[in-house]
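**Q** What follows is protein.cif, made up of mmCIF, C-alpha atoms:
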data_data
loop_
_atom_site.label_atom_id
_atom_site.label_comp_id
_atom_site.auth_asym_id
_atom_site.auth_seq_id
_atom_site.Cartn_x
_atom_site.Cartn_y
_atom_site.Cartn_z
CA MET K 110 472.71 351.93 60.46
CA GLU K 111 471.92 355.52 61.26
CA PHE K 112 468.52 356.62 62.42
CA LYS K 113 466.80 358.65 59.72
CA PHE K 114 465.12 361.68 61.20
CA PRO K 115 461.99 362.98 59.50
CA LYS K 116 462.23 366.19 57.47
CA ILE K 117 460.68 368.29 60.20
CA HIS K 118 463.77 367.65 62.31
CA ASP K 119 465.66 370.03 60.00
CA PHE K 120 463.02 372.73 60.27
CA PRO K 121 464.32 375.53 62.55
CA PRO K 122 460.97 376.58 64.11
CA PHE K 123 460.57 373.00 65.26
CA TYR K 124 463.04 373.78 68.05
CA THR K 125 461.10 376.61 69.67
CA LYS K 126 457.69 376.73 71.26
CA GLN K 127 455.03 377.61 68.69
CA PRO K 128 452.63 380.32 69.85
CA HIS K 129 449.52 378.92 68.17
CA GLU K 130 448.01 376.26 70.40
CA GLY K 131 446.99 373.84 67.64
CA THR K 132 450.40 374.03 66.02
CA TYR K 133 452.04 373.57 69.39
CA LYS K 134 450.07 370.42 70.07
CA ALA K 135 451.08 368.99 66.70
CA GLN K 136 454.68 370.02 67.35
CA ILE K 137 454.75 368.13 70.66
CA GLU K 138 453.19 365.08 69.01
CA GLN K 139 455.89 365.11 66.34
CA TRP K 140 458.61 365.39 68.94
CA ILE K 141 457.22 362.48 70.94
CA ASN K 142 457.06 360.43 67.79
CA ILE K 143 460.70 361.20 66.98
CA ILE K 144 461.91 360.41 70.50
CA LEU K 145 460.08 357.09 70.67
CA LYS K 146 461.16 355.98 67.21
CA TYR K 147 464.75 356.99 67.87
CA CYS K 148 464.94 355.12 71.18
CA GLU K 149 463.30 352.06 69.71
CA PHE K 150 465.69 352.11 66.77
CA LYS K 151 468.73 352.45 69.00
CA HIS K 152 467.30 350.11 71.61
CA ILE K 153 467.64 352.73 74.32
CA TRP K 154 465.50 352.37 77.41
CA LYS K 155 467.13 355.05 79.50
CA LEU K 156 467.69 358.51 78.13
CA GLU K 157 469.83 361.10 79.79
CA LEU K 158 468.57 364.63 79.19
CA ASN K 159 472.01 366.12 79.49
CA GLU K 160 473.48 368.31 76.77
CA SER K 161 476.73 366.39 76.79
CA ASN K 162 474.97 363.08 76.26
CA GLY K 163 475.47 361.63 72.77
CA ASN K 164 471.86 360.67 72.24
CA TYR K 165 470.67 364.03 73.49
CA GLN K 166 473.05 365.68 71.06
CA GLU K 167 471.69 363.70 68.19
CA ILE K 168 467.99 364.22 68.89
CA PHE K 169 467.77 367.67 70.39
CA ASN K 170 470.80 369.48 69.02
CA ASN K 171 470.70 369.73 65.25
CA LYS K 172 474.14 370.91 64.18
CA LYS K 173 473.21 370.98 60.50
CA ILE K 174 470.79 373.89 61.03
CA GLU K 175 472.44 375.03 64.26
CA ARG K 176 469.37 374.68 66.37
CA LYS K 177 469.07 373.29 69.89
CA ILE K 178 465.76 372.51 71.54
CA ASN K 179 464.32 375.10 73.85
CA ASP K 180 464.36 373.87 77.48
CA ASN K 181 460.74 374.80 78.13
CA LEU K 182 459.65 372.98 75.01
CA LEU K 183 461.57 369.87 76.07
CA GLN K 184 459.97 370.01 79.50
CA ASP K 185 456.50 370.20 77.94
CA ILE K 186 457.30 367.24 75.71
CA ILE K 187 458.49 365.13 78.64
CA ASN K 188 455.42 366.05 80.69
CA GLU K 189 453.15 365.05 77.84
CA MET K 190 455.00 361.76 77.42
CA ILE K 191 454.63 361.01 81.11
CA LYS K 192 450.93 361.79 80.83
CA LEU K 193 450.57 359.37 77.91
CA GLU K 194 452.57 356.69 79.77
CA TYR K 195 455.45 356.73 77.31
CA CYS K 196 458.09 357.51 79.89
CA LYS K 197 458.79 358.27 83.53
CA TYR K 198 461.58 359.74 85.63
CA ILE K 199 463.89 357.00 86.80
CA ASN K 200 464.46 358.64 90.17
CA LYS K 201 462.02 360.97 91.85
CA GLY K 202 463.25 364.56 91.80
CA ASP K 203 465.86 363.83 89.12
CA PHE K 204 464.60 365.41 85.92
CA LYS K 205 467.61 364.47 83.84
CA ASN K 206 467.09 360.73 83.52
CA ILE K 207 464.01 359.28 81.97
CA LEU K 208 462.88 355.77 81.26
CA ILE K 209 461.46 355.52 77.75
CA TYR K 210 458.86 352.82 77.11
CA TRP K 211 458.77 353.10 73.26
CA LYS K 212 455.21 351.94 73.54
CA ASN K 213 452.87 352.74 76.38
CA ILE K 214 451.84 350.05 78.84
CA ASN K 215 448.67 349.24 76.98
CA GLU K 216 450.50 348.80 73.67
CA TRP K 217 453.11 346.60 75.34
CA SER K 218 450.45 344.40 76.95
CA LEU K 219 448.81 343.84 73.58
CA LYS K 220 452.20 343.00 72.07
CA LEU K 221 452.99 340.51 74.80
CA ILE K 222 449.62 338.77 74.58
CA GLU K 223 449.95 338.63 70.80
CA TRP K 224 453.34 336.98 71.18
CA ILE K 225 452.03 334.51 73.78
CA ASN K 226 449.23 333.43 71.48
CA LYS K 227 451.41 333.35 68.38
CA SER K 228 454.10 331.24 70.02
CA GLY K 229 451.65 328.84 71.68
CA GLN K 230 452.75 329.70 75.22
CA ASN K 231 449.19 329.59 76.55
CA GLY K 232 448.97 327.65 79.77
CA SER K 233 452.70 327.66 80.42
CA ILE K 234 454.78 329.21 83.14
CA LEU K 235 457.19 331.99 82.24
CA THR K 236 459.69 333.75 84.44
CA VAL K 237 460.12 337.47 84.10
CA TYR K 238 463.82 336.99 83.41
CA GLU K 239 462.94 334.59 80.63
CA ILE K 240 460.63 337.13 78.96
CA GLN K 241 463.35 339.76 79.14
CA ASN K 242 466.30 337.65 78.04
CA ASN K 243 465.37 334.50 76.16
CA TRP K 244 463.94 335.88 72.92
CA PRO K 245 466.48 338.14 71.23
CA ASN K 246 464.33 338.60 68.16
CA GLU K 247 461.30 339.94 69.97
CA GLU K 248 460.66 343.62 70.50
CA PHE K 249 460.48 343.21 74.25
CA TYR K 250 463.98 341.70 74.43
CA GLY K 251 465.82 343.46 77.24
CA ILE K 252 462.71 345.32 78.35
CA ASP K 253 463.33 347.25 81.54
CA ASP K 254 462.19 345.67 84.82
CA GLU K 255 459.95 348.56 85.67
CA ILE K 256 458.13 348.45 82.34
CA ILE K 257 457.62 344.69 82.31
CA TYR K 258 456.27 344.78 85.87
CA LYS K 259 453.75 347.43 84.89
CA VAL K 260 452.75 345.47 81.79
CA LEU K 261 452.31 342.24 83.78
CA GLU K 262 450.32 344.03 86.47
CA LYS K 263 448.01 345.39 83.83
CA LEU K 264 447.62 341.95 82.23
CA GLU K 265 446.89 340.53 85.67
CA LYS K 266 444.21 343.16 86.20
CA ASP K 267 442.72 342.31 82.80
CA LYS K 268 442.79 338.63 83.84
CA LYS K 269 444.97 337.64 80.91
CA VAL K 270 447.78 336.23 83.07
CA ALA K 271 448.27 335.23 86.68
CA CYS K 272 451.32 336.69 88.40
CA ILE K 273 453.38 334.71 90.86
CA ARG K 274 455.17 336.85 93.42
CA GLU K 275 458.09 336.36 95.73
CA ASN K 276 458.68 338.98 98.41
CA ASN K 277 456.11 341.20 96.74
CA GLU K 278 457.95 341.13 93.45
CA ILE K 279 456.63 339.42 90.35
CA VAL K 280 458.95 336.55 89.46
CA GLY K 281 456.83 334.61 87.04
CA ILE K 282 453.52 334.43 85.27
CA LYS K 283 451.10 331.79 84.14
CA VAL K 284 449.48 332.57 80.84
CA MET I 295 434.18 339.28 80.12
CA GLY I 296 433.46 336.03 78.37
CA ASN I 297 437.16 335.37 78.09
CA THR I 298 438.14 331.74 78.38
CA THR I 299 441.36 332.57 80.19
CA SER I 300 439.67 334.87 82.67
CA ASN I 301 440.37 332.84 85.79
CA ILE I 302 443.86 331.43 85.69
CA LYS I 303 444.56 329.15 88.62
CA ILE I 304 448.08 328.54 89.78
CA THR I 305 448.54 324.94 90.87
CA SER I 306 451.34 323.36 92.87
CA HIS I 307 452.66 321.96 89.56
CA ASP I 308 452.91 325.49 88.22
CA LYS I 309 454.82 326.60 91.29
CA ALA I 310 457.24 323.69 90.96
CA ILE I 311 457.88 324.49 87.31
CA LEU I 312 458.38 328.13 88.17
CA GLN I 313 460.95 327.20 90.78
CA LEU I 314 462.84 325.12 88.24
CA LYS I 315 462.73 327.94 85.72
CA LEU I 316 463.88 330.47 88.29
CA GLN I 317 466.76 328.14 89.11
CA ARG I 318 467.59 327.95 85.41
CA ASP I 319 467.53 331.76 85.18
CA LYS I 320 469.93 331.93 88.11
CA LEU I 321 472.31 329.53 86.41
CA ASN I 322 472.12 331.63 83.25
CA LYS I 323 472.98 334.73 85.26
CA SER I 324 475.92 332.95 86.88
CA LYS I 325 477.10 331.87 83.47
CA LEU I 326 477.11 335.49 82.33
CA LYS I 327 479.03 336.48 85.45
CA ILE I 328 481.70 333.82 85.02
CA GLN I 329 482.00 334.64 81.33
CA SER I 330 482.70 338.26 82.20
CA VAL I 331 485.32 337.13 84.76
CA ILE I 332 486.99 334.99 82.11
CA ASP I 333 487.00 337.89 79.67
CA ARG I 334 488.63 340.07 82.31
CA GLU I 335 491.30 337.43 83.12
CA ILE I 336 492.25 337.30 79.44
CA ILE I 337 492.74 341.06 79.37
CA ILE I 338 494.84 340.91 82.54
CA ALA I 339 496.94 338.05 81.18
CA LYS I 340 497.62 340.04 77.99
CA GLN I 341 498.64 343.03 80.08
CA CYS I 342 501.00 340.92 82.15
CA ILE I 343 502.62 339.52 79.05
CA ALA I 344 503.03 343.02 77.68
CA GLU I 345 504.70 344.02 80.94
CA ASN I 346 506.80 340.86 80.80
CA LYS I 347 505.35 339.49 84.06
CA LEU I 348 505.12 335.93 82.78
CA ASP I 349 504.57 334.30 86.19
CA LYS I 350 501.60 336.51 86.90
CA ALA I 351 500.25 335.90 83.42
CA LYS I 352 500.46 332.16 84.01
CA LEU I 353 498.64 332.52 87.32
CA THR I 354 495.89 334.49 85.65
CA LEU I 355 495.54 331.90 82.93
CA ARG I 356 495.28 329.18 85.56
CA LYS I 357 492.48 331.17 87.22
CA LYS I 358 490.83 331.49 83.87
CA LYS I 359 491.06 327.74 83.35
CA ARG I 360 489.35 327.12 86.67
CA GLN I 361 486.57 329.52 85.82
CA GLU I 362 486.15 327.81 82.49
CA SER I 363 485.65 324.41 84.07
CA LEU I 364 483.16 326.03 86.43
CA LEU I 365 481.35 327.45 83.45
CA ASN I 366 481.32 324.02 81.89
CA ASN I 367 479.74 322.56 85.00
CA LEU I 368 477.17 325.29 85.06
CA GLU I 369 476.29 324.68 81.47
CA ARG I 370 475.82 320.96 82.09
CA GLN I 371 473.65 321.66 85.11
CA SER I 372 471.53 324.19 83.32
CA ASP I 373 471.13 321.70 80.50
CA THR I 374 469.89 319.04 82.93
CA LEU I 375 467.50 321.53 84.44
CA GLU I 376 466.24 322.52 81.02
CA GLU I 377 465.71 318.87 80.18
CA LEU I 378 463.76 318.32 83.38
CA ILE I 379 461.55 321.32 82.66
CA ASP I 380 460.88 320.08 79.14
CA THR I 381 460.01 316.61 80.42
CA ILE I 382 457.62 317.97 83.01
CA GLU I 383 455.92 320.26 80.54
CA PHE I 384 455.59 317.40 78.09
CA LYS I 385 454.19 315.09 80.78
CA LEU I 386 451.60 317.72 81.60
CA ILE I 387 450.53 317.72 77.97
CA GLU I 388 450.34 313.92 78.05
CA LYS I 389 448.21 314.15 81.17
CA ASP I 390 445.82 316.42 79.33
CA ILE I 391 445.69 314.01 76.41
CA ILE I 392 444.88 311.06 78.69
CA PHE I 393 442.21 313.10 80.40
CA GLY I 394 440.76 313.95 76.99
CA LEU I 395 440.81 310.31 75.94
CA GLU I 396 439.08 309.32 79.17
CA GLN I 397 436.35 311.87 78.64
CA GLY I 398 435.88 310.79 75.06
CA ASN I 399 435.65 307.15 76.10
CA LYS I 400 433.07 307.97 78.74
CA VAL I 401 430.88 309.81 76.28
CA LEU I 402 431.22 306.99 73.76
CA LYS I 403 430.14 304.45 76.40
CA GLU I 404 427.16 306.56 77.37
CA ILE I 405 426.06 306.85 73.77
CA ASN I 406 426.51 303.11 73.25
CA ASN I 407 424.40 302.42 76.33
CA GLU I 408 421.63 304.46 74.83
CA LEU I 409 421.95 302.58 71.57
CA ASN I 410 421.77 299.02 73.04
CA ILE I 411 420.45 296.22 70.85
CA GLU I 412 417.31 295.43 72.85
CA ARG I 413 416.20 299.00 72.57
CA VAL I 414 416.81 299.08 68.86
CA GLU I 415 414.91 295.80 68.47
CA LYS I 416 412.04 297.15 70.52
CA ILE I 417 411.91 300.26 68.37
CA MET I 418 411.94 298.14 65.23
CA ASP I 419 409.14 295.94 66.63
CA ASP I 420 407.18 299.00 67.54
CA SER I 421 407.63 300.32 64.03
CA ILE I 422 406.35 297.11 62.46
CA GLU I 423 403.37 297.16 64.78
CA ALA I 424 402.68 300.73 63.89
CA ILE I 425 402.91 299.97 60.18
CA ASN I 426 400.55 297.03 60.53
CA TYR I 427 398.15 299.16 62.50
CA GLN I 428 398.31 301.85 59.82
CA ASN I 429 397.59 299.29 57.08
CA GLU I 430 394.70 297.88 59.02
CA LEU I 431 393.32 301.33 59.51
CA SER I 432 393.59 302.16 55.82
CA ASP I 433 391.82 298.94 54.89
CA LYS I 434 389.02 299.66 57.31
CA LEU I 435 388.65 303.23 56.15
CA GLY I 436 388.66 302.09 52.53
CA ASN I 437 385.83 299.69 53.22
CA LEU I 438 383.88 302.36 54.96
CA LEU I 439 383.29 304.17 51.66
CA THR I 440 380.11 302.95 49.95
CA ASN I 441 380.06 302.04 46.30
CA GLY I 442 378.26 305.25 45.51
CA GLU I 443 381.01 307.23 47.18
CA GLU I 444 383.64 305.30 45.25
CA LEU I 445 381.87 306.34 42.07
CA GLU I 446 381.82 309.93 43.13
CA VAL I 447 385.53 309.76 43.80
CA ASP I 448 386.16 308.32 40.36
CA ASP I 449 384.03 311.01 38.77
CA GLU I 450 385.89 313.71 40.57
CA LEU I 451 389.18 312.27 39.44
CA ARG I 452 388.00 312.24 35.86
CA LYS I 453 386.73 315.79 36.12
CA LEU I 454 390.04 316.99 37.47
CA GLU I 455 391.89 315.13 34.73
CA ILE I 456 389.81 316.84 32.07
CA GLU I 457 390.17 320.17 33.77
CA MET I 458 393.94 319.84 33.80
CA GLY I 459 393.91 318.79 30.17
CA VAL I 460 395.43 315.35 30.69
CA ILE I 461 392.50 313.80 28.87
CA ASN I 462 391.64 315.40 25.55
CA ASP I 463 389.64 313.02 23.53
CA ASN I 464 386.81 311.85 25.67
CA LYS I 465 384.92 310.04 22.97
CA GLU I 466 387.85 307.97 21.79
CA THR I 467 388.52 306.58 25.24
CA ASP I 468 384.85 305.98 25.66
CA ILE I 469 384.77 303.92 22.48
CA LYS I 470 387.80 301.95 23.63
CA ASP I 471 386.16 301.46 26.97
CA THR I 472 383.01 300.07 25.48
CA ASN I 473 384.99 297.68 23.31
CA ILE I 474 386.78 296.27 26.30
CA ASP I 475 383.67 296.41 28.39
CA LYS I 476 381.83 294.17 26.01
CA ASN I 477 384.45 291.46 26.38
CA LYS I 478 384.57 291.82 30.08
CA LEU I 479 380.87 292.00 30.48
CA ASN I 480 380.55 288.68 28.76
CA LYS I 481 382.78 287.09 31.33
CA LEU I 482 381.64 288.91 34.42
CA ASN I 483 378.01 289.22 33.62
CA ASN I 484 376.69 288.23 36.96
CA LEU I 485 378.75 290.40 39.23
CA PRO I 486 376.82 293.14 40.97
CA ASN I 487 379.45 295.83 40.87
CA VAL I 488 380.01 296.03 37.18
CA PRO I 489 379.93 299.80 36.89
CA LYS I 490 382.82 300.01 39.28
CA ILE I 491 384.97 297.79 37.14
CA ILE I 492 384.06 299.78 34.06
CA LYS I 493 385.08 302.92 35.73
CA GLN I 494 388.31 301.40 37.04
CA ASP I 495 389.20 300.29 33.55
CA SER I 496 388.49 303.71 32.26
CA ILE I 497 390.86 305.10 34.86
CA GLU I 498 393.55 302.78 33.64
CA GLU I 499 392.90 303.96 30.14
CA GLY I 500 393.01 307.48 31.38
CA GLU I 501 396.38 306.84 32.89
CA ASP I 502 397.64 305.52 29.60
CA GLU I 503 396.28 308.66 28.07
CA ILE I 504 398.29 310.74 30.49
CA VAL I 505 401.51 309.19 29.27
CA GLU I 506 400.56 309.62 25.63
CA ASN I 507 399.41 313.14 26.06
CA ASN I 508 402.54 314.03 27.92
CA ASN I 509 404.50 312.83 24.99
CA ASP I 510 402.33 314.95 22.74
CA TYR I 511 402.95 317.99 24.85
CA SER I 512 406.64 317.50 24.80
CA LYS I 513 406.50 317.26 21.04
CA VAL I 514 404.47 320.40 20.49
CA PRO I 515 407.07 322.97 21.46
CA GLN I 516 409.66 321.20 19.35
CA LEU I 517 407.43 321.45 16.30
CA ALA I 518 406.59 325.06 16.95
#
Represent the structure from my file as structure tokens, please.
**A**
Amino acid sequence: MEFKFPKIHDFPPFYTKQPHEGTYKAQIEQWINIILKYCEFKHIWKLELNESNGNYQEIFNNKKIERKINDNLLQDIINEMIKLEYCKYINKGDFKNILIYWKNINEWSLKLIEWINKSGQNGSILTVYEIQNNWPNEEFYGIDDEIIYKVLEKLEKDKKVACIRENNEIVGIKV
Amino acid sequence: MGNTTSNIKITSHDKAILQLKLQRDKLNKSKLKIQSVIDREIIIAKQCIAENKLDKAKLTLRKKKRQESLLNNLERQSDTLEELIDTIEFKLIEKDIIFGLEQGNKVLKEINNELNIERVEKIMDDSIEAINYQNELSDKLGNLLTNGEELEVDDELRKLEIEMGVINDNKETDIKDTNIDKNKLNKLNNLPNVPKIIKQDSIEEGEDEIVENNNDYSKVPQLA
């Protein structure tokens, strides 16, 4: 199945920075929405912002209308996504590889708690590996280490779960 | 705030279960690793056959076989582990159930202690005493009223009855009363409290009247 881009993706001005501030804000929001939906659809956690990359080609380089995203615009989008906790750079100083969360940490924590309650896991012990790998039909299947750690840390802070650590790394939780 | 799961305590049981689960995860990872090795051996074997290196192909297949038996072992072990985890988790649930039963039993015993027979009997005795006392009191209070006061009470009752329209035909009842009175007077001529009896009879008549009149009332709207 192919990802179906919204109509605005075929709109040429969408690929350049809009001068009016309100329009620009909306433009960035739309872009973020497209990126998150696309990555979720394709189950991509790591996105390479390199022009030769297939995913990059598909999202940011629209061959149908012969438009490629403006670099400054892309940078603004990424910055905004980082601010909203939707992504982060995988390695410090490397601006080409980003980790996409699909949902921000707060949204993921709600999802996880919802799943715990729905599946009657309350009171049981779960390993992080188990959360990532044992439920292929759940949205968080294959969730990246870094994201799941952040989610669990947040849940621990909210006193929804207790984290069990080994060598400073979360290995399991009690819910 | 106010969340029931706010303070989650990790017990030694929890840690033991976690260790088992971590072990299971490790086995799962090893299974993936061996599976990938097996897949690679198959590719190599195919290559060797294509290049007509049959000996090498056979060697590779033997390697593959060994890996497969390893994988089998791993699977059995991980199954045992899984079973152990399930048993422990189930036992923990059973423990909770027993604890719950114990608590329930304790409460039941406490309630039963409060409801012991002697206490109930004592309460019942007390109640009978209280009822007797109440009756005695009523009797005494009743006797306290003088005859004159009794009369006044009767009069007031009659007045109220007339006021509320339960008695319509005063004269008729009066005639009835006098008819009965004459008979009764003949028998009870010498008793000092005759007027009281007359009045009491008239009350009884009045009560009969109430029933009759009620019937009349219920008929009126139907006619109209």
**Q** Any chance you could work out the residue set of the PyMOL selection byres ((chain I) within 8 of (chain K)) here, as a ChimeraX atom specification?
**A** /I:299-304,308,311-312,315-316,319
**Q** What is the CA of Pro115 (chain K)-CA of Glu149 (chain K) distance in Å, reported with one decimal?
**A**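 CA of Glu149 (chain K) lies at a distance of 15.0 Å from CA of Pro115 (chain K).
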**Q** Just how far from CA of Gly131 (chain K) is CA of Ile187 (chain K), in Å to one decimal?
**A** 18.1 Å
**Q** Could you please determine the separation between CA of Trp211 (chain K) and CA of Cys148 (chain K) in Å, to one decimal place?
**A**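 Separation of CA of Trp211 (chain K) and CA of Cys148 (chain K): 6.8 Å.
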**Q** Using only C-alpha atoms, find all polymer residues with an atom at most 10 Å away from the point (467.2, 378.7, 70.7); report them as a ChimeraX atom specification.
**A** /K:121-122,124-126,175-180
**Q** Quick one: residues within 10 Å of Leu219 (chain K), all atoms listed in the file counted, chain neighbours fewer than 6 positions away excluded, as a ChimeraX atom specification?
**A** /K:225,260,264
**Q** Once you have the residues from the selection above, write them out as an mmCIF file, keeping the file's coordinate frame, restricted to C-alpha atoms.
**A**
data_model
loop_
_atom_site.group_PDB
_atom_site.id
_atom_site.type_symbol
_atom_site.label_atom_id
_atom_site.label_comp_id
_atom_site.auth_asym_id
_atom_site.auth_seq_id
_atom_site.Cartn_x
_atom_site.Cartn_y
_atom_site.Cartn_z
ATOM 1 C CA ILE K 225 452.030 334.510 73.780
ATOM 2 C CA VAL K 260 452.750 345.470 81.790
ATOM 3 C CA LEU K 264 447.620 341.950 82.230
#
**Q** Taking the file as shown, what set of residues would the PyMOL selection byres ((chain K and resi 154) around 7) give back, as a CSV table (one decimal) with C-alpha atoms, keeping the file's coordinate frame?
**A**
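For reference, expr-v4.csv as written:
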chain,number,residue,atom,x,y,z
K,148,CYS,CA,464.9,355.1,71.2
K,152,HIS,CA,467.3,350.1,71.6
K,153,ILE,CA,467.6,352.7,74.3
K,155,LYS,CA,467.1,355.0,79.5
K,156,LEU,CA,467.7,358.5,78.1
K,208,LEU,CA,462.9,355.8,81.3
K,209,ILE,CA,461.5,355.5,77.8
K,210,TYR,CA,458.9,352.8,77.1
K,253,ASP,CA,463.3,347.2,81.5
**Q** Specify the axis-aligned box that encloses all atoms of region 378-382 of chain I listed in the file after padding of 5 Å on each side, stating its centre and edge lengths in Å to one decimal as AutoDock Vina command-line options.
**A**
--center_x 460.7 --center_y 319.0 --center_z 81.3 --size_x 16.1 --size_y 14.7 --size_z 14.2
**Q** Quick one: everything within 12 Å of Leu326 (chain I), counting only C-alpha atoms, minus sequence neighbours fewer than 3 positions away in the same chain. Send it as a list of chain:residue names.
**A**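 Everything that qualifies: K:Asn242, I:Asp319, I:Lys320, I:Leu321, I:Asn322, I:Lys323, I:Gln329, I:Ser330, I:Val331, I:Ile332, I:Asp333, I:Gln361, I:Glu362, I:Leu364, I:Leu365, I:Leu368, I:Glu369.
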**Q** Evaluate the PyMOL selection byres ((chain K and resi 198) around 10) here and jot the selected residues down as a list in words.
**A**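 Answer for the PyMOL selection byres ((chain K and resi 198) around 10): Lys155, Leu156, Ile187, Ile191, Cys196, Lys197, Ile199, Asn200, Lys201, Gly202, Asp203, Phe204, Lys205, Asn206, Ile207, Leu208 and Ile209 of chain K.
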**Q** Can you write out the residues you just picked, keeping C-alpha atoms, as an mmCIF file, in the frame of the given file?
**A**
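The new file again-v7.cif reads:
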data_model
loop_
_atom_site.group_PDB
_atom_site.id
_atom_site.type_symbol
_atom_site.label_atom_id
_atom_site.label_comp_id
_atom_site.auth_asym_id
_atom_site.auth_seq_id
_atom_site.Cartn_x
_atom_site.Cartn_y
_atom_site.Cartn_z
ATOM 1 C CA LYS K 155 467.130 355.050 79.500
ATOM 2 C CA LEU K 156 467.690 358.510 78.130
ATOM 3 C CA ILE K 187 458.490 365.130 78.640
ATOM 4 C CA ILE K 191 454.630 361.010 81.110
ATOM 5 C CA CYS K 196 458.090 357.510 79.890
ATOM 6 C CA LYS K 197 458.790 358.270 83.530
ATOM 7 C CA ILE K 199 463.890 357.000 86.800
ATOM 8 C CA ASN K 200 464.460 358.640 90.170
ATOM 9 C CA LYS K 201 462.020 360.970 91.850
ATOM 10 C CA GLY K 202 463.250 364.560 91.800
ATOM 11 C CA ASP K 203 465.860 363.830 89.120
ATOM 12 C CA PHE K 204 464.600 365.410 85.920
ATOM 13 C CA LYS K 205 467.610 364.470 83.840
ATOM 14 C CA ASN K 206 467.090 360.730 83.520
ATOM 15 C CA ILE K 207 464.010 359.280 81.970
ATOM 16 C CA LEU K 208 462.880 355.770 81.260
ATOM 17 C CA ILE K 209 461.460 355.520 77.750
#
**Q** So, with all atoms listed in the file as the atoms that count, which of K:Trp224, K:Phe120, K:Tyr147, K:Trp140 lies closest to Lys173 (chain K)?
**A** K:Phe120
